[in-house]
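Asks: This one is coords01.txt, compact mmCIF, C-alpha atoms.
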```txt
# COMPACT_ATOMS: atom_id res chain seq x y z
CA MET A 47 -8.33 6.21 -27.04
CA LEU A 48 -5.36 8.53 -27.38
CA ALA A 49 -1.84 7.09 -27.34
CA SER A 50 0.05 7.51 -24.08
CA SER A 51 3.42 8.06 -25.74
CA PHE A 52 5.35 8.13 -29.01
CA THR A 53 8.31 6.15 -27.65
CA GLU A 54 8.75 3.65 -24.84
CA ASP A 55 11.77 5.12 -23.11
CA LYS A 56 12.20 8.84 -23.88
CA ILE A 57 10.92 11.71 -21.74
CA GLU A 58 8.31 13.27 -24.01
CA ALA A 59 6.74 16.70 -23.82
CA GLY A 60 3.56 17.41 -25.73
CA LEU A 61 3.26 20.98 -27.05
CA ASP A 62 0.33 22.92 -28.43
CA GLU A 63 -0.85 26.51 -28.71
CA ALA A 64 -4.09 28.46 -28.54
CA GLY A 65 -5.07 31.73 -30.14
CA ARG A 66 -3.18 31.78 -33.42
CA GLY A 67 -6.21 32.93 -35.39
CA CYS A 68 -7.35 35.62 -32.95
CA LEU A 69 -7.47 39.34 -33.63
CA ALA A 70 -6.66 40.23 -30.02
CA GLY A 71 -4.80 38.83 -27.06
CA PRO A 72 -1.66 36.72 -26.80
CA VAL A 73 -0.88 33.42 -28.41
CA VAL A 74 -0.50 30.91 -25.58
CA ALA A 75 1.59 27.74 -25.70
CA ALA A 76 1.81 24.89 -23.23
CA ALA A 77 4.20 21.99 -22.74
CA VAL A 78 3.20 18.95 -20.70
CA ILE A 79 5.16 15.89 -19.59
CA LEU A 80 2.87 13.10 -18.41
CA PRO A 81 3.79 9.84 -16.67
CA LYS A 82 4.19 6.98 -19.17
CA ASP A 83 1.31 5.11 -17.54
CA PHE A 84 -1.04 8.11 -17.42
CA SER A 85 -4.51 7.69 -18.83
CA HIS A 86 -7.84 9.44 -18.52
CA PRO A 87 -10.99 8.50 -20.45
CA ASP A 88 -12.03 12.12 -21.05
CA LEU A 89 -8.70 13.56 -22.14
CA ASN A 90 -8.95 14.70 -25.77
CA ASP A 91 -8.39 17.62 -28.13
CA SER A 92 -9.56 20.70 -26.21
CA LYS A 93 -11.78 21.77 -29.12
CA LYS A 94 -13.85 18.60 -28.72
CA LEU A 95 -14.58 19.24 -25.03
CA THR A 96 -17.04 21.49 -23.24
CA ALA A 97 -15.68 24.41 -21.23
CA LYS A 98 -16.71 22.64 -18.02
CA LYS A 99 -14.88 19.45 -19.03
CA ARG A 100 -11.77 21.43 -20.00
CA GLU A 101 -11.67 23.09 -16.60
CA PHE A 102 -12.04 19.74 -14.87
CA LEU A 103 -9.24 18.20 -16.94
CA ARG A 104 -7.05 21.25 -16.40
CA GLU A 105 -7.00 20.46 -12.69
CA VAL A 106 -6.30 16.78 -13.35
CA ILE A 107 -3.39 17.62 -15.68
CA MET A 108 -1.83 20.15 -13.32
CA LYS A 109 -2.02 17.62 -10.50
CA GLU A 110 -0.87 14.51 -12.37
CA ALA A 111 1.70 15.86 -14.86
CA LEU A 112 5.37 15.31 -14.08
CA ALA A 113 5.95 18.87 -15.32
CA TYR A 114 4.16 21.55 -17.32
CA LYS A 115 4.69 25.13 -18.46
CA VAL A 116 2.36 27.73 -19.98
CA VAL A 117 3.70 30.82 -21.79
CA GLU A 118 2.08 33.89 -23.38
CA VAL A 119 3.49 35.87 -26.30
CA GLN A 120 1.75 39.23 -26.47
CA ALA A 121 0.25 41.09 -29.44
CA GLU A 122 3.14 43.57 -29.65
CA GLU A 123 5.65 40.76 -30.15
CA ILE A 124 3.31 38.94 -32.56
CA ASP A 125 3.21 42.11 -34.69
CA LYS A 126 7.01 42.24 -34.76
CA ILE A 127 7.81 38.61 -35.63
CA ASN A 128 4.52 37.27 -37.13
CA ILE A 129 2.10 34.78 -35.61
CA LEU A 130 3.84 31.61 -36.78
CA GLN A 131 7.18 32.65 -35.29
CA ALA A 132 5.39 33.87 -32.15
CA SER A 133 3.83 30.41 -31.75
CA PHE A 134 7.25 28.76 -32.08
CA THR A 135 8.75 31.29 -29.68
CA ALA A 136 6.06 30.56 -27.09
CA MET A 137 6.75 26.83 -27.40
CA HIS A 138 10.51 27.37 -27.07
CA ARG A 139 9.96 29.41 -23.91
CA CYS A 140 7.84 26.57 -22.52
CA ILE A 141 10.76 24.20 -23.06
CA ASP A 142 13.15 26.75 -21.54
CA GLY A 143 11.05 26.94 -18.39
CA ILE A 144 9.75 23.44 -17.84
CA GLU A 145 11.21 21.75 -14.73
CA ILE A 146 12.11 18.46 -16.41
CA LYS A 147 14.15 18.56 -19.61
CA PRO A 148 12.40 16.51 -22.30
CA GLU A 149 14.22 14.21 -24.71
CA LEU A 150 11.54 14.38 -27.40
CA LEU A 151 9.04 17.10 -28.29
CA LEU A 152 5.66 16.14 -29.73
CA ILE A 153 4.38 19.15 -31.65
CA ASP A 154 0.77 19.62 -32.71
CA GLY A 155 0.81 20.59 -36.38
CA ASN A 156 3.10 20.24 -39.37
CA ARG A 157 5.82 22.83 -38.68
CA PHE A 158 8.20 23.71 -35.88
CA ARG A 159 11.41 25.67 -35.39
CA PRO A 160 13.89 23.08 -34.06
CA TYR A 161 14.91 23.45 -30.43
CA LYS A 162 18.65 22.99 -30.02
CA GLY A 163 19.60 19.63 -28.56
CA ILE A 164 16.11 18.08 -28.45
CA GLU A 165 14.48 15.96 -31.15
CA HIS A 166 10.94 16.73 -32.23
CA GLU A 167 8.08 15.14 -34.12
CA CYS A 168 5.39 17.22 -35.83
CA ILE A 169 2.04 15.45 -35.69
CA VAL A 170 -0.91 16.82 -37.65
CA LYS A 171 -4.00 16.85 -35.40
CA GLY A 172 -1.74 15.54 -32.66
CA ASP A 173 -4.07 16.86 -29.96
CA GLY A 174 -6.49 14.12 -31.01
CA LYS A 175 -3.80 11.42 -31.12
CA TYR A 176 -1.46 11.78 -28.11
CA LEU A 177 -2.37 12.40 -24.48
CA SER A 178 0.48 14.82 -23.80
CA ILE A 179 -0.44 17.04 -26.76
CA ALA A 180 -4.12 16.94 -25.78
CA ALA A 181 -3.10 17.95 -22.25
CA ALA A 182 -1.06 20.84 -23.64
CA SER A 183 -4.00 21.96 -25.77
CA ILE A 184 -6.23 22.03 -22.69
CA LEU A 185 -3.76 24.02 -20.57
CA ALA A 186 -3.16 26.52 -23.38
CA LYS A 187 -6.84 27.04 -24.15
CA THR A 188 -8.09 27.26 -20.57
CA HIS A 189 -5.30 29.70 -19.66
CA ARG A 190 -6.07 31.88 -22.65
CA ASP A 191 -9.86 31.79 -22.24
CA GLU A 192 -9.49 32.79 -18.59
CA LEU A 193 -7.21 35.68 -19.55
CA MET A 194 -9.55 36.96 -22.29
CA THR A 195 -12.51 36.78 -19.91
CA LYS A 196 -10.59 38.95 -17.43
CA LEU A 197 -9.63 41.41 -20.17
CA SER A 198 -13.27 41.63 -21.25
CA GLU A 199 -14.05 43.31 -17.93
CA GLU A 200 -11.82 46.20 -18.98
CA TYR A 201 -12.95 46.15 -22.62
CA PRO A 202 -16.55 44.87 -22.53
CA GLU A 203 -17.45 46.16 -26.02
CA TYR A 204 -15.55 43.41 -27.83
CA GLY A 205 -17.23 40.34 -26.30
CA TRP A 206 -13.95 38.61 -25.49
CA GLU A 207 -15.59 36.61 -22.69
CA LYS A 208 -17.49 34.78 -25.47
CA ASN A 209 -15.30 35.03 -28.58
CA ALA A 210 -11.86 34.93 -26.84
CA GLY A 211 -10.57 37.45 -29.39
CA TYR A 212 -11.48 35.45 -32.49
CA PRO A 213 -12.84 37.33 -35.55
CA THR A 214 -16.57 37.07 -34.91
CA LYS A 215 -19.05 39.49 -36.42
CA LYS A 216 -19.58 41.19 -33.05
CA HIS A 217 -15.84 41.56 -32.48
CA ARG A 218 -15.30 43.16 -35.88
CA GLU A 219 -18.31 45.45 -35.44
CA ALA A 220 -16.85 46.61 -32.11
CA ILE A 221 -13.46 47.31 -33.71
CA ALA A 222 -15.18 49.37 -36.42
CA LYS A 223 -17.13 51.34 -33.81
CA HIS A 224 -14.61 51.71 -30.96
CA GLY A 225 -11.24 51.20 -32.64
CA THR A 226 -8.49 48.96 -31.33
CA THR A 227 -7.07 48.29 -27.88
CA PRO A 228 -3.46 47.65 -26.80
CA TRP A 229 -4.36 43.95 -26.96
CA HIS A 230 -5.23 43.94 -30.67
CA ARG A 231 -2.80 42.54 -33.23
CA ASN A 232 -2.29 45.39 -35.65
CA SER A 233 -0.47 43.18 -38.15
CA PHE A 234 -3.70 41.20 -38.63
CA LYS A 235 -6.52 42.15 -40.97
CA LEU A 236 -8.81 43.39 -38.24
CA LEU A 237 -11.52 44.57 -40.63
CA PRO A 238 -12.31 43.48 -44.19
CA GLU A 239 -11.67 47.00 -45.48
CA GLN A 240 -9.19 48.36 -42.87
CA LYS A 241 -10.05 51.96 -43.81
CA THR A 242 -11.94 52.70 -40.61
CA ILE A 243 -8.89 52.15 -38.41
CA ASP A 244 -5.96 54.46 -38.13
CA PHE A 245 -2.76 52.58 -37.29
```
Just give me the structure of the file as structure tokens.
Replies:
Amino acid sequence: MLASSFTEDKIEAGLDEAGRGCLAGPVVAAAVILPKDFSHPDLNDSKKLTAKKREFLREVIMKEALAYKVVEVQAEEIDKINILQASFTAMHRCIDGIEIKPELLLIDGNRFRPYKGIEHECIVKGDGKYLSIAAASILAKTHRDELMTKLSEEYPEYGWEKNAGYPTKKHREAIAKHGTTPWHRNSFKLLPEQKTIDF
């Protein structure tokens, strides 16, 4: 069972991102503030859940959370500032926009760019340890998967409805054959050899 909170009295926001390792599409971050007494037997790291279960829990989280925010940082900005900074930027924008100001940030992972005036804790594999981080992981992933599925209708060659922009064999074969789209991250190694693409 995941822990409901890190502290007894502080307003905590769990933060996580989806899409850091993708070749295309935005990196998406989410921040979620849950009630201290919130619990749900199925809530867990989004990667451990089926797509159907994630969609079900997405609705539960959006209904039951005290506040939440989801933010995209697009490929163009990722190329300018790098993917790690883009992930931090997306999380900061979540905090900027969330309706309730948190007193403590629970970050999935081992690094974070401090947000002025708010303490944070980095928790490795936090999405499998704390409910608020797990909730953030679900909102970030479901939002991003939905977006990539919509984009796949415009760019069907790349299989984004199945690979969500990750570097699968089919995705890389499509890049080699059709080139890149405005959604591709040109700062990433899109192909093992890179010679077939003109940037």
Asks: For a quick check of understanding, using only C-alpha atoms, which of A:Ala49, A:Ala59, A:Leu152, A:Ile107 has the smallest distance to Leu185 of chain A?
Replies: A:Ile107
Asks: Which neighbours of Lys196 of chain A fall inside 9 Å, counting all atoms listed in the file, when residues of the same chain fewer than 5 positions from it are skipped, and could you give them as a ChimeraX atom specification?
Replies: /A:191,206-207
Asks: Taking into account all atoms listed in the file, which residue in the set A:Leu69, A:Lys115, A:Leu177, A:Glu110 is nearest to Arg218 of chain A?
Replies: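 Nearest to Arg218 of chain A: A:Leu69.
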Asks: Rank nothing, just name the residue among A:Asn156, A:Ser92, A:Asn128, A:Ser183 nearest to Val116 of chain A, using all atoms listed in the file.
Replies: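 Closest candidate: A:Ser183.
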Asks: Can you tell me how far atom CA of Pro213 of chain A sits from atom CA of Leu237 of chain A, in Å to one decimal?
Replies: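 A separation of 8.9 Å between them.
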Asks: I'd like the neighbourhood of Ile164 of chain A as a list in words, where a residue qualifies if any of its atoms comes within 10 Å (using all atoms listed in the file), though same-chain residues fewer than 3 positions away should be ignored.
Replies: Ile141, Lys147, Pro148, Glu149, Leu150, Leu151, Pro160 and Tyr161 of chain A
Asks: Got a sec: who's within 10 Å of Arg157 of chain A, counting all atoms listed in the file, leaving out chain neighbours fewer than 4 positions off, as a list in words?
Replies: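 Here the answer would be Leu130, Phe134, Ile153, Glu167, Cys168, Ile169 and Val170 of chain A.
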Asks: May I ask for the distance between atom CA of Pro228 of chain A and atom CA of Glu122 of chain A, given in Å to one decimal place?
Replies: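 Value for the atom CA of Pro228 of chain A-atom CA of Glu122 of chain A distance: 8.3 Å.
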Asks: Restricting the calculation to all atoms listed in the file: of A:Glu58, A:Tyr204, A:Gly67, A:Lys109, which residue gets closest to Ile144 of chain A?
Replies: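 Looking at the shortest contact to Ile144 of chain A, the residue is A:Glu58.
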Asks: Which one of A:Trp229, A:Glu165, A:Thr96, A:Thr214 sits closest to Glu200 of chain A if you count all atoms listed in the file?
Replies: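 Smallest separation from Glu200 of chain A among the options: A:Trp229.
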Asks: So which one's closest to Met137 of chain A, A:Ile57, A:Val119, A:Ala97, A:Ile184? Using only C-alpha atoms, please.
Replies: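 Ranked by minimum distance to Met137 of chain A, first place goes to A:Val119.
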Asks: In Å, rounded to a single decimal, give me how far atom CA of Leu103 of chain A is from atom CA of Lys208 of chain A.
Replies: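 Calculated distance between atom CA of Lys208 of chain A and atom CA of Leu103 of chain A is 20.4 Å.
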Asks: The centre and edge lengths of an axis-aligned box containing all atoms of segment 207-223 of chain A present in the file, extended by 5 Å on each side, are to be given in Å to one decimal, as lines of an AutoDock Vina configuration file.
Replies:
```
center_x = -15.1
center_y = 43.1
center_z = -29.6
size_x = 19.0
size_y = 26.6
size_z = 23.7
```
